[in-house]
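Q: This is data23.csv, which holds CSV, C-alpha atoms:
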```
chain,number,residue,atom,x,y,z
G,24,MET,CA,0.6,21.7,-10.9
G,25,THR,CA,2.5,18.7,-12.1
G,26,ALA,CA,0.7,15.4,-11.4
G,27,LEU,CA,2.2,13.4,-8.6
G,28,PRO,CA,3.2,9.8,-9.1
G,29,THR,CA,1.5,7.0,-7.2
G,30,LEU,CA,3.3,4.5,-5.0
G,31,PHE,CA,3.0,0.9,-3.9
G,32,ILE,CA,5.0,0.1,-0.8
G,33,SER,CA,5.4,-3.4,0.7
G,34,HIS,CA,5.3,-2.5,4.3
G,35,GLY,CA,6.3,-5.8,5.8
G,36,ALA,CA,6.0,-6.7,9.5
G,37,PRO,CA,5.4,-4.0,12.1
G,38,THR,CA,9.0,-4.4,13.1
G,39,THR,CA,10.1,-2.9,9.8
G,40,VAL,CA,10.1,0.5,11.6
G,41,LEU,CA,12.7,-0.6,14.1
G,42,SER,CA,14.8,-3.0,11.9
G,43,GLY,CA,17.9,-2.3,9.9
G,44,THR,CA,16.7,-4.2,6.9
G,45,PRO,CA,17.2,-3.0,3.3
G,46,ALA,CA,13.4,-2.2,3.1
G,47,HIS,CA,13.6,-0.1,6.2
G,48,HIS,CA,16.5,2.0,4.7
G,49,PHE,CA,14.6,2.3,1.4
G,50,MET,CA,11.5,3.7,3.1
G,51,LYS,CA,13.6,6.4,4.7
G,52,THR,CA,14.3,7.7,1.2
G,53,LEU,CA,10.6,8.2,0.2
G,54,GLN,CA,10.9,12.0,0.5
G,55,ASP,CA,13.6,11.8,-2.2
G,56,VAL,CA,11.0,10.0,-4.4
G,57,VAL,CA,8.2,12.5,-3.8
G,58,PRO,CA,9.3,15.8,-2.1
G,59,PRO,CA,7.1,16.7,0.8
G,60,GLU,CA,6.7,20.3,-0.4
G,61,ASP,CA,4.9,18.9,-3.5
G,62,ILE,CA,2.3,17.0,-1.4
G,63,ARG,CA,-1.0,18.6,-0.3
G,64,ALA,CA,-2.2,15.4,1.3
G,65,ILE,CA,-1.5,11.6,1.4
G,66,LEU,CA,-4.3,9.1,0.6
G,67,ALA,CA,-3.0,5.9,2.2
G,68,VAL,CA,-4.6,2.7,0.8
G,69,SER,CA,-3.9,0.1,3.5
G,70,ALA,CA,-4.4,-3.7,3.3
G,71,HIS,CA,-5.3,-3.6,7.0
G,72,TRP,CA,-8.5,-1.6,6.6
G,73,GLU,CA,-11.1,-4.0,5.1
G,74,THR,CA,-14.7,-2.9,4.5
G,75,ASP,CA,-17.6,-4.0,2.3
G,76,GLN,CA,-17.7,-0.7,0.4
G,77,PRO,CA,-14.9,2.0,0.0
G,78,MET,CA,-14.5,4.0,3.1
G,79,LEU,CA,-12.5,7.2,3.6
G,80,GLY,CA,-11.0,8.1,7.0
G,81,ALA,CA,-12.2,11.5,8.0
G,82,ALA,CA,-10.8,12.0,11.5
G,83,ARG,CA,-9.4,15.5,12.1
G,84,GLN,CA,-6.5,14.0,14.1
G,85,PRO,CA,-6.2,10.3,13.2
G,86,GLU,CA,-5.0,8.1,16.0
G,87,THR,CA,-2.1,5.7,15.6
G,88,ILE,CA,-3.6,2.2,15.6
G,89,HIS,CA,-1.4,-0.6,16.9
G,90,ASP,CA,-3.2,-3.4,15.1
G,91,PHE,CA,-0.9,-6.2,16.1
G,92,TYR,CA,0.0,-8.4,19.1
G,93,GLY,CA,3.0,-9.9,20.7
G,94,PHE,CA,5.6,-7.5,19.3
G,95,PRO,CA,8.3,-5.6,21.2
G,96,GLN,CA,7.0,-2.9,23.5
G,97,PRO,CA,8.8,0.0,21.7
G,98,LEU,CA,6.4,-0.5,18.7
G,99,TYR,CA,3.4,0.2,20.9
G,100,GLU,CA,5.0,3.5,22.0
G,101,LEU,CA,5.3,4.8,18.4
G,102,ARG,CA,2.9,7.6,17.3
G,103,TYR,CA,2.4,9.2,13.9
G,104,PRO,CA,0.6,12.4,14.7
G,105,ALA,CA,-0.2,13.7,11.2
G,106,PRO,CA,-3.4,15.7,10.9
G,107,GLY,CA,-6.3,14.4,8.9
G,108,ASP,CA,-8.4,16.2,6.2
G,109,PRO,CA,-12.1,15.7,6.7
G,110,VAL,CA,-13.0,18.0,3.9
G,111,LEU,CA,-10.8,16.2,1.4
G,112,ALA,CA,-12.2,12.8,2.6
G,113,ALA,CA,-15.7,14.0,1.9
G,114,GLU,CA,-14.7,15.3,-1.6
G,115,ILE,CA,-13.0,11.9,-2.4
G,116,ALA,CA,-16.1,10.0,-1.2
G,117,ASP,CA,-18.3,12.2,-3.5
G,118,ARG,CA,-15.9,11.6,-6.4
G,119,LEU,CA,-16.1,7.8,-5.9
G,120,ASN,CA,-19.9,7.9,-5.6
G,121,GLN,CA,-20.1,9.8,-8.9
G,122,ALA,CA,-18.0,7.1,-10.4
G,123,GLY,CA,-20.5,4.5,-9.3
G,124,PHE,CA,-18.9,3.3,-6.1
G,125,LYS,CA,-20.9,3.3,-2.8
G,126,ALA,CA,-18.4,5.2,-0.8
G,127,ALA,CA,-18.7,6.7,2.6
G,128,ILE,CA,-16.6,8.4,5.3
G,129,ASP,CA,-15.7,7.2,8.8
G,130,PRO,CA,-15.0,10.2,11.1
G,131,ARG,CA,-13.2,7.9,13.6
G,132,GLN,CA,-10.8,5.9,11.5
G,133,GLY,CA,-7.2,6.2,12.5
G,134,LEU,CA,-3.9,5.1,10.8
G,135,ASP,CA,-3.1,1.4,11.0
G,136,HIS,CA,0.4,0.1,10.7
G,137,GLY,CA,0.0,-0.4,6.9
G,138,ALA,CA,-0.2,3.3,6.7
G,139,TRP,CA,2.1,4.6,9.4
G,140,THR,CA,5.0,2.2,8.8
G,141,PRO,CA,6.1,3.8,5.5
G,142,LEU,CA,4.9,7.2,6.6
G,143,LEU,CA,6.8,7.3,9.8
G,144,LEU,CA,10.0,6.3,8.0
G,145,GLY,CA,9.5,8.3,4.8
G,146,PHE,CA,7.8,11.4,6.1
G,147,PRO,CA,8.8,11.6,9.8
G,148,ALA,CA,7.8,15.2,10.3
G,149,ALA,CA,4.2,14.0,10.2
G,150,ASP,CA,3.1,17.5,9.0
G,151,ILE,CA,1.3,16.4,5.8
G,152,PRO,CA,-2.5,15.6,6.2
G,153,VAL,CA,-3.1,11.8,5.9
G,154,LEU,CA,-6.4,10.0,5.3
G,155,GLN,CA,-7.0,6.3,4.6
G,156,LEU,CA,-9.0,4.5,2.0
G,157,SER,CA,-10.1,0.9,2.7
G,158,VAL,CA,-9.9,-2.2,0.5
G,159,GLN,CA,-12.7,-4.6,-0.2
G,160,PRO,CA,-11.3,-8.1,0.2
G,161,HIS,CA,-14.4,-9.7,-1.3
G,162,ARG,CA,-14.0,-7.8,-4.5
G,163,ASP,CA,-11.4,-8.6,-7.2
G,164,PRO,CA,-8.4,-6.7,-8.6
G,165,ALA,CA,-10.5,-5.2,-11.4
G,166,HIS,CA,-12.7,-3.5,-8.8
G,167,HIS,CA,-9.6,-1.9,-7.1
G,168,TYR,CA,-8.1,-1.0,-10.5
G,169,ALA,CA,-11.3,0.9,-11.3
G,170,LEU,CA,-11.2,2.5,-7.9
G,171,GLY,CA,-7.7,3.8,-8.8
G,172,GLN,CA,-8.9,5.1,-12.1
G,173,ALA,CA,-11.6,7.2,-10.4
G,174,LEU,CA,-8.9,8.6,-8.1
G,175,ARG,CA,-6.5,9.6,-10.9
G,176,PRO,CA,-7.4,13.3,-11.1
G,177,LEU,CA,-6.4,13.7,-7.5
G,178,ARG,CA,-2.8,13.5,-8.5
G,179,GLU,CA,-3.1,16.9,-10.2
G,180,GLN,CA,-4.4,18.3,-7.0
G,181,GLY,CA,-1.3,17.4,-4.9
G,182,VAL,CA,-2.7,14.2,-3.4
G,183,LEU,CA,-0.2,11.4,-3.2
G,184,VAL,CA,-1.9,8.0,-3.6
G,185,LEU,CA,0.3,5.7,-1.4
G,186,ALA,CA,-0.8,2.1,-1.5
G,187,SER,CA,0.6,-0.1,1.2
G,188,GLY,CA,0.4,-3.9,1.2
G,189,SER,CA,2.8,-6.7,0.3
G,190,LEU,CA,4.0,-8.0,-3.0
G,191,THR,CA,3.8,-11.5,-1.6
G,192,HIS,CA,2.0,-12.5,1.6
G,193,ASN,CA,1.9,-16.1,2.7
G,194,LEU,CA,2.6,-15.9,6.5
G,195,ARG,CA,2.4,-19.7,6.9
G,196,GLU,CA,5.4,-20.2,4.7
G,197,LEU,CA,7.7,-17.6,6.2
G,198,ASP,CA,11.2,-18.8,7.1
G,199,ARG,CA,11.3,-18.0,10.8
G,200,ARG,CA,15.1,-18.1,11.0
G,201,GLY,CA,15.0,-14.4,10.2
G,202,PRO,CA,14.7,-11.7,7.5
G,203,ASP,CA,18.0,-12.8,5.9
G,204,ALA,CA,16.8,-16.3,5.2
G,205,PRO,CA,17.4,-17.4,1.6
G,206,ALA,CA,14.7,-16.5,-0.9
G,207,GLN,CA,12.4,-19.3,-1.9
G,208,ALA,CA,12.2,-20.0,-5.7
G,209,TRP,CA,8.4,-19.9,-5.8
G,210,ALA,CA,8.3,-16.4,-4.2
G,211,ALA,CA,11.1,-15.1,-6.3
G,212,ALA,CA,9.4,-16.3,-9.5
G,213,PHE,CA,6.2,-14.5,-8.6
G,214,ALA,CA,8.0,-11.3,-7.7
G,215,ASP,CA,10.0,-11.4,-11.0
G,216,TRP,CA,6.8,-12.0,-13.0
G,217,VAL,CA,5.1,-9.0,-11.3
G,218,ASN,CA,8.2,-6.8,-11.9
G,219,ALA,CA,8.1,-7.6,-15.6
G,220,ALA,CA,4.3,-7.1,-15.9
G,221,LEU,CA,4.5,-3.7,-14.1
G,222,THR,CA,7.6,-2.3,-15.9
G,223,GLU,CA,6.0,-3.4,-19.2
G,224,ARG,CA,2.6,-2.1,-18.1
G,225,ARG,CA,0.8,-5.3,-18.9
G,226,ASP,CA,-2.2,-4.1,-16.8
G,227,GLU,CA,-4.5,-6.8,-18.1
G,228,ASP,CA,-2.0,-9.5,-17.0
G,229,MET,CA,-1.8,-7.9,-13.6
G,230,VAL,CA,-5.6,-7.8,-13.1
G,231,ALA,CA,-5.8,-11.4,-14.2
G,232,TYR,CA,-2.7,-12.4,-12.1
G,233,ARG,CA,-4.5,-15.3,-10.4
G,234,SER,CA,-4.6,-17.2,-13.6
G,235,ARG,CA,-1.4,-15.8,-15.3
G,236,ALA,CA,1.3,-15.4,-12.6
G,237,PRO,CA,3.4,-18.3,-11.4
G,238,GLU,CA,2.5,-19.6,-8.0
G,239,ALA,CA,-0.2,-16.9,-7.5
G,240,GLN,CA,-2.2,-18.9,-4.9
G,241,ARG,CA,0.8,-19.8,-2.9
G,242,ASN,CA,2.1,-16.2,-2.8
G,243,HIS,CA,-1.4,-14.8,-2.0
G,244,PRO,CA,-3.7,-17.3,-0.3
G,245,THR,CA,-6.0,-14.3,0.0
G,246,ASP,CA,-6.0,-11.1,-2.0
G,247,GLU,CA,-6.1,-8.3,0.6
G,248,HIS,CA,-2.4,-7.5,0.8
G,249,PHE,CA,-2.1,-7.3,-3.0
G,250,LEU,CA,-5.2,-5.2,-3.6
G,251,PRO,CA,-3.7,-1.8,-2.8
G,252,LEU,CA,-1.3,-2.3,-5.7
G,253,PHE,CA,-4.2,-2.2,-8.1
G,254,VAL,CA,-5.4,1.1,-6.7
G,255,ALA,CA,-2.0,2.6,-7.3
G,256,LEU,CA,-1.8,1.0,-10.8
G,257,GLY,CA,-5.3,2.3,-11.8
G,258,ALA,CA,-4.5,5.8,-10.6
G,259,ALA,CA,-1.3,5.9,-12.7
G,260,THR,CA,-0.9,7.4,-16.1
G,261,PRO,CA,-1.9,4.7,-18.7
G,262,GLY,CA,1.0,3.1,-20.6
G,263,GLN,CA,3.8,4.6,-18.5
G,264,PRO,CA,6.2,1.9,-17.2
G,265,ALA,CA,6.5,1.4,-13.5
G,266,GLN,CA,9.8,2.0,-11.8
G,267,ALA,CA,11.0,-0.5,-9.2
G,268,LEU,CA,12.1,1.6,-6.3
G,269,HIS,CA,13.2,-1.3,-4.1
G,270,ARG,CA,13.4,-5.1,-4.4
G,271,SER,CA,14.3,-7.5,-1.5
G,272,MET,CA,13.0,-10.6,0.1
G,273,GLU,CA,12.6,-11.2,3.8
G,274,PHE,CA,12.0,-14.4,5.7
G,275,GLY,CA,12.5,-16.4,2.6
G,276,SER,CA,9.2,-15.5,0.9
G,277,LEU,CA,8.0,-12.0,2.0
G,278,SER,CA,8.7,-9.7,-1.0
G,279,MET,CA,9.4,-6.1,0.1
G,280,ASP,CA,9.3,-4.8,-3.5
G,281,SER,CA,8.0,-1.3,-4.0
G,282,TYR,CA,7.1,0.6,-7.1
G,283,ARG,CA,6.6,4.2,-8.4
G,284,PHE,CA,4.0,4.8,-11.1
G,285,SER,CA,4.1,8.0,-13.2
```
Mind turning this structure into structure tokens?
A:
Amino acid sequence: MTALPTLFISHGAPTTVLSGTPAHHFMKTLQDVVPPEDIRAILAVSAHWETDQPMLGAARQPETIHDFYGFPQPLYELRYPAPGDPVLAAEIADRLNQAGFKAAIDPRQGLDHGAWTPLLLGFPAADIPVLQLSVQPHRDPAHHYALGQALRPLREQGVLVLASGSLTHNLRELDRRGPDAPAQAWAAAFADWVNAALTERRDEDMVAYRSRAPEAQRNHPTDEHFLPLFVALGAATPGQPAQALHRSMEFGSLSMDSYRFS
């Protein structure tokens, strides 16, 4: 079996599912990026599941979690009824434990909007088993990069590592005039630096982004929405350049950039 790529998707606001934005239309093409028939299961690494140690969702039928407030009612009516894979979740937890991580499973964890936003748009049939992997916001990018390295062999077993977060994430500086607001220079500079670092596979620069990227603190006051990217990067084939699948900016400073790693 040919190894699957890994993906990093900037999922944006929950309304991405209902919007007509460029990012929405891009996510609808995900099955052109990775054909569903090649995928045994999807391991979704979501910025919205935070735990002290790596946790694997092991529900047989993960519920659709509406982990947001004050949004249009149609969002709360959406469901993504994909099956889970408890056996695979246990296997992945064992793999991580053997690699030195204190991983465990959660038999009740559902799919939060970081997971189901790109999945609902990209794989709407919801017939591929999905399980989530949490991030550890108190740990650094190097921890998550190593987590990805431990997951790399899964790609040869038909498991798609789909990391979902945000290339930039400073909600206090969003331009509330709307998704078409002009891009801010400080956000664009950061997104361009990341694009160059990923396409040139400067992994050391990426892991040290807080000290090397322009306006890192302003673009990520906290790390959690950037951490999934490092899992996808660590799970990728070393040295192979990333491919920018989509680049756009919403609300002036919310980068919707998404990448494919071979």
Q: Would you please work out which residue, of G:Pro164, G:Gly145, G:Pro264, G:Gly43, is nearest to Ala231 in chain G when using all atoms listed in the file?
A: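 When distances to Ala231 in chain G are compared using all atoms listed in the file, the smallest one comes from G:Pro164.
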Q: Just the number, please: distance in Å from CA of Ile151 in chain G to CA of Gln76 in chain G, one decimal.
A: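 CA of Gln76 in chain G lies 26.1 Å from CA of Ile151 in chain G.
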Q: At a cut-off of 7 Å around the point (2.2, 12.9, 8.4) (file coordinates), what residues fall inside when counting only C-alpha atoms? I'd like the answer as a PyMOL selection string.
A: chain G and resi 103-106+142+146-153
Q: With distances taken over only C-alpha atoms, which residue among G:Pro160, G:Pro202, G:Gly181, G:Gly262 lies nearest Leu250 in chain G?
A: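 So, comparing all the options, the nearest one is G:Pro160.
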Q: Return the single residue from G:His161, G:Tyr99, G:Gly137, G:Val110 that is closest to Asp75 in chain G, with distances computed using all atoms listed in the file.
A: G:His161
Q: Could you tell me how far CA of Glu273 in chain G sits from CA of Ala219 in chain G, in Å to one decimal place?
A: 20.2 Å
Q: What would the list of residues within 12 Å of (9.2, -6.1, 20.6) (file frame) look like as an mmCIF file with C-alpha atoms, in the frame of the given file, if only C-alpha atoms are what count?
A:
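New file selection-v5.cif:
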```
data_model
loop_
_atom_site.group_PDB
_atom_site.id
_atom_site.type_symbol
_atom_site.label_atom_id
_atom_site.label_comp_id
_atom_site.auth_asym_id
_atom_site.auth_seq_id
_atom_site.Cartn_x
_atom_site.Cartn_y
_atom_site.Cartn_z
ATOM 1 C CA ALA G 36 6.000 -6.700 9.500
ATOM 2 C CA PRO G 37 5.400 -4.000 12.100
ATOM 3 C CA THR G 38 9.000 -4.400 13.100
ATOM 4 C CA THR G 39 10.100 -2.900 9.800
ATOM 5 C CA VAL G 40 10.100 0.500 11.600
ATOM 6 C CA LEU G 41 12.700 -0.600 14.100
ATOM 7 C CA SER G 42 14.800 -3.000 11.900
ATOM 8 C CA PHE G 91 -0.900 -6.200 16.100
ATOM 9 C CA TYR G 92 0.000 -8.400 19.100
ATOM 10 C CA GLY G 93 3.000 -9.900 20.700
ATOM 11 C CA PHE G 94 5.600 -7.500 19.300
ATOM 12 C CA PRO G 95 8.300 -5.600 21.200
ATOM 13 C CA GLN G 96 7.000 -2.900 23.500
ATOM 14 C CA PRO G 97 8.800 0.000 21.700
ATOM 15 C CA LEU G 98 6.400 -0.500 18.700
ATOM 16 C CA TYR G 99 3.400 0.200 20.900
ATOM 17 C CA GLU G 100 5.000 3.500 22.000
ATOM 18 C CA LEU G 101 5.300 4.800 18.400
#
```
Q: In Å, how far is it from CA of Leu183 in chain G to CA of Pro28 in chain G?
A: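 Pair CA of Leu183 in chain G / CA of Pro28 in chain G returns 7.0 Å.
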Q: Which residues are near Phe249 in chain G? Cut-off 8 Å, all atoms listed in the file, ignore same chain within fewer than 6 positions. Put them as a list of chain:residue names.
A: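 Contacts, with the query itself left out: G:Ala70, G:Gly188, G:Ser189, G:Leu190, G:Thr191, G:His243.
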Q: Within 12 Å of Arg225 in chain G, counting all atoms listed in the file, which residues qualify if same-chain residues fewer than 6 places away don't, as a list in words?
A: Trp216, Val217, Asn218, Ala219, Ala231, Tyr232, Arg235, Ala236, Leu256, Pro261, Gly262, Gln263, Pro264 and Ala265 of chain G
Q: Let me see the file: selected residues, C-alpha atoms, as a PDB file, in the frame of the given file.
A:
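Writing the result to out_29.pdb gives the following:
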```pdb
ATOM      1  CA  TRP G 216       6.800 -12.000 -13.000  1.00  0.00           C
ATOM      2  CA  VAL G 217       5.100  -9.000 -11.300  1.00  0.00           C
ATOM      3  CA  ASN G 218       8.200  -6.800 -11.900  1.00  0.00           C
ATOM      4  CA  ALA G 219       8.100  -7.600 -15.600  1.00  0.00           C
ATOM      5  CA  ALA G 231      -5.800 -11.400 -14.200  1.00  0.00           C
ATOM      6  CA  TYR G 232      -2.700 -12.400 -12.100  1.00  0.00           C
ATOM      7  CA  ARG G 235      -1.400 -15.800 -15.300  1.00  0.00           C
ATOM      8  CA  ALA G 236       1.300 -15.400 -12.600  1.00  0.00           C
ATOM      9  CA  LEU G 256      -1.800   1.000 -10.800  1.00  0.00           C
ATOM     10  CA  PRO G 261      -1.900   4.700 -18.700  1.00  0.00           C
ATOM     11  CA  GLY G 262       1.000   3.100 -20.600  1.00  0.00           C
ATOM     12  CA  GLN G 263       3.800   4.600 -18.500  1.00  0.00           C
ATOM     13  CA  PRO G 264       6.200   1.900 -17.200  1.00  0.00           C
ATOM     14  CA  ALA G 265       6.500   1.400 -13.500  1.00  0.00           C
TER      15      ALA G 265
END
```
Q: Using only C-alpha atoms, can you tell me which of G:Met272, G:Leu194, G:Ala173, G:Ala204 comes closest to Arg241 in chain G?
A: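 Counting only C-alpha atoms, the residue closest to Arg241 in chain G is G:Leu194.
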Q: When distances are computed from all atoms listed in the file, which of G:Val254, G:Val182, G:Leu170, G:Ala211 shows the smallest separation from Arg63 in chain G?
A: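 Using all atoms listed in the file, the shortest distance to Arg63 in chain G belongs to G:Val182.
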Q: Measuring atom to atom with all atoms listed in the file, identify which of G:Ala138, G:Ala206, G:Ala165, G:Val56 is nearest to Arg233 in chain G.
A: G:Ala165
